[in-house]
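Take a look at the structure below.
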Amino acid sequence: MRIKNGFVLREVCGEQVIMGEGVGALDFGKLLCLNETAAWLWKKATEMGDFSIDGLADALCSEYDVSNEQAKIDVAAIVAEWQKVNVLE
């Protein structure tokens, strides 16, 4: 998986939001507000380029005090939301 071109994380009024920029995001028309952990995962996924749930879960475990099992559950839920709003390819 990877984040589609044209989707970026920005700080807007103190909130971390995903927004579409450019031609690739013309039909998006919304902002997606992320909590601190989801924003961290977005940044990590951006750094990784191609990413997997397992890879993001491993990164999450390295950064936060969370079990690998719980990290996989949490990452899978966040990735499912990103897929639902069509910001991944």
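Each chain of the structure tokens is named A, B, ... in the order shown, its residues numbered from 1; ligands are numbered from 1 in display order.
When the distance limit is 7 Å and only C-alpha atoms are what count, the residues near stretch 38-41 of chain A, minus those fewer than 2 positions from it on the same chain, are Gln16, Leu34, Asn35, Glu36, Lys43, Lys44, Ala45, Leu56 and Ile78 of chain A.
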- Shell of 10 Å around stretch 63-70 of chain A, only C-alpha atoms, local chain residues under 4 positions omitted, as JSON, numbers by chain: {"A": [37, 40, 54, 57, 58, 59, 74, 75, 76]}
Store the residues picked out above, limited to N, CA and C atoms, as a PDB file, in the first residue's frame.
ATOM      1  N   THR A  37      -1.538   9.899  17.329  1.00  0.00           N
ATOM      2  CA  THR A  37      -0.978   8.626  16.875  1.00  0.00           C
ATOM      3  C   THR A  37      -1.245   8.392  15.397  1.00  0.00           C
ATOM      4  N   TRP A  40       1.070  10.495  13.442  1.00  0.00           N
ATOM      5  CA  TRP A  40       2.409   9.913  13.458  1.00  0.00           C
ATOM      6  C   TRP A  40       2.494   8.763  12.449  1.00  0.00           C
ATOM      7  N   ASP A  54       1.858  -4.632   9.035  1.00  0.00           N
ATOM      8  CA  ASP A  54       2.897  -5.166   9.919  1.00  0.00           C
ATOM      9  C   ASP A  54       4.061  -4.193  10.076  1.00  0.00           C
ATOM     10  N   ALA A  57       2.950  -1.337  12.234  1.00  0.00           N
ATOM     11  CA  ALA A  57       2.796  -1.813  13.616  1.00  0.00           C
ATOM     12  C   ALA A  57       4.159  -1.942  14.289  1.00  0.00           C
ATOM     13  N   ASP A  58       5.142  -2.470  13.575  1.00  0.00           N
ATOM     14  CA  ASP A  58       6.499  -2.576  14.130  1.00  0.00           C
ATOM     15  C   ASP A  58       7.054  -1.201  14.465  1.00  0.00           C
ATOM     16  N   ALA A  59       6.848  -0.242  13.569  1.00  0.00           N
ATOM     17  CA  ALA A  59       7.314   1.129  13.814  1.00  0.00           C
ATOM     18  C   ALA A  59       6.605   1.727  15.026  1.00  0.00           C
ATOM     19  N   ASP A  74      -4.702  -1.723  16.015  1.00  0.00           N
ATOM     20  CA  ASP A  74      -4.897  -0.276  15.880  1.00  0.00           C
ATOM     21  C   ASP A  74      -4.514   0.221  14.490  1.00  0.00           C
ATOM     22  N   VAL A  75      -3.383  -0.257  13.987  1.00  0.00           N
ATOM     23  CA  VAL A  75      -2.937   0.158  12.648  1.00  0.00           C
ATOM     24  C   VAL A  75      -3.927  -0.319  11.591  1.00  0.00           C
ATOM     25  N   ALA A  76      -4.400  -1.549  11.714  1.00  0.00           N
ATOM     26  CA  ALA A  76      -5.370  -2.068  10.745  1.00  0.00           C
ATOM     27  C   ALA A  76      -6.633  -1.218  10.728  1.00  0.00           C
TER      28      ALA A  76
END
Pick out each residue of chain A that DSSP on the backbone tags as strand (DSSP E or B); I need them as a PDB file with C-alpha atoms, in the first residue's frame.
ATOM      1  CA  ILE A   3      -0.540   7.036   0.153  1.00  0.00           C
ATOM      2  CA  PHE A   7      -2.790  13.841  -0.140  1.00  0.00           C
ATOM      3  CA  VAL A   8      -0.848  15.600   2.594  1.00  0.00           C
ATOM      4  CA  LEU A   9      -0.906  16.062   6.357  1.00  0.00           C
ATOM      5  CA  ARG A  10      -1.211  19.683   7.465  1.00  0.00           C
ATOM      6  CA  GLU A  11      -1.816  21.470  10.744  1.00  0.00           C
ATOM      7  CA  VAL A  12      -5.006  23.527  10.569  1.00  0.00           C
ATOM      8  CA  GLU A  15      -5.456  20.020  14.403  1.00  0.00           C
ATOM      9  CA  GLN A  16      -3.614  17.496  12.215  1.00  0.00           C
ATOM     10  CA  VAL A  17      -5.653  16.957   9.041  1.00  0.00           C
ATOM     11  CA  ILE A  18      -5.279  15.063   5.781  1.00  0.00           C
ATOM     12  CA  MET A  19      -6.236  17.186   2.821  1.00  0.00           C
ATOM     13  CA  GLY A  20      -6.107  16.814  -0.908  1.00  0.00           C
ATOM     14  CA  LEU A  31     -10.504  17.285   5.545  1.00  0.00           C
ATOM     15  CA  LEU A  32      -9.757  14.235   7.662  1.00  0.00           C
ATOM     16  CA  CYS A  33      -8.847  15.053  11.258  1.00  0.00           C
ATOM     17  CA  LEU A  34      -6.254  12.734  12.851  1.00  0.00           C
ATOM     18  CA  LEU A  88      -4.450   4.901  -0.370  1.00  0.00           C
TER      19      LEU A  88
END
- Given only C-alpha atoms as the counted atoms, nearest of A:Leu60, A:Gly14, A:Arg2, A:Lys30 to A:Val79: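 Using only C-alpha atoms, the shortest distance to A:Val79 belongs to A:Arg2.
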- Task: Could you tell me which of A:Val87, A:Ala77, A:Ile53, A:Cys61 comes closest to A:Gly6 if we count only C-alpha atoms?
- Result: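 That would be A:Val87, the residue with the smallest distance to A:Gly6.
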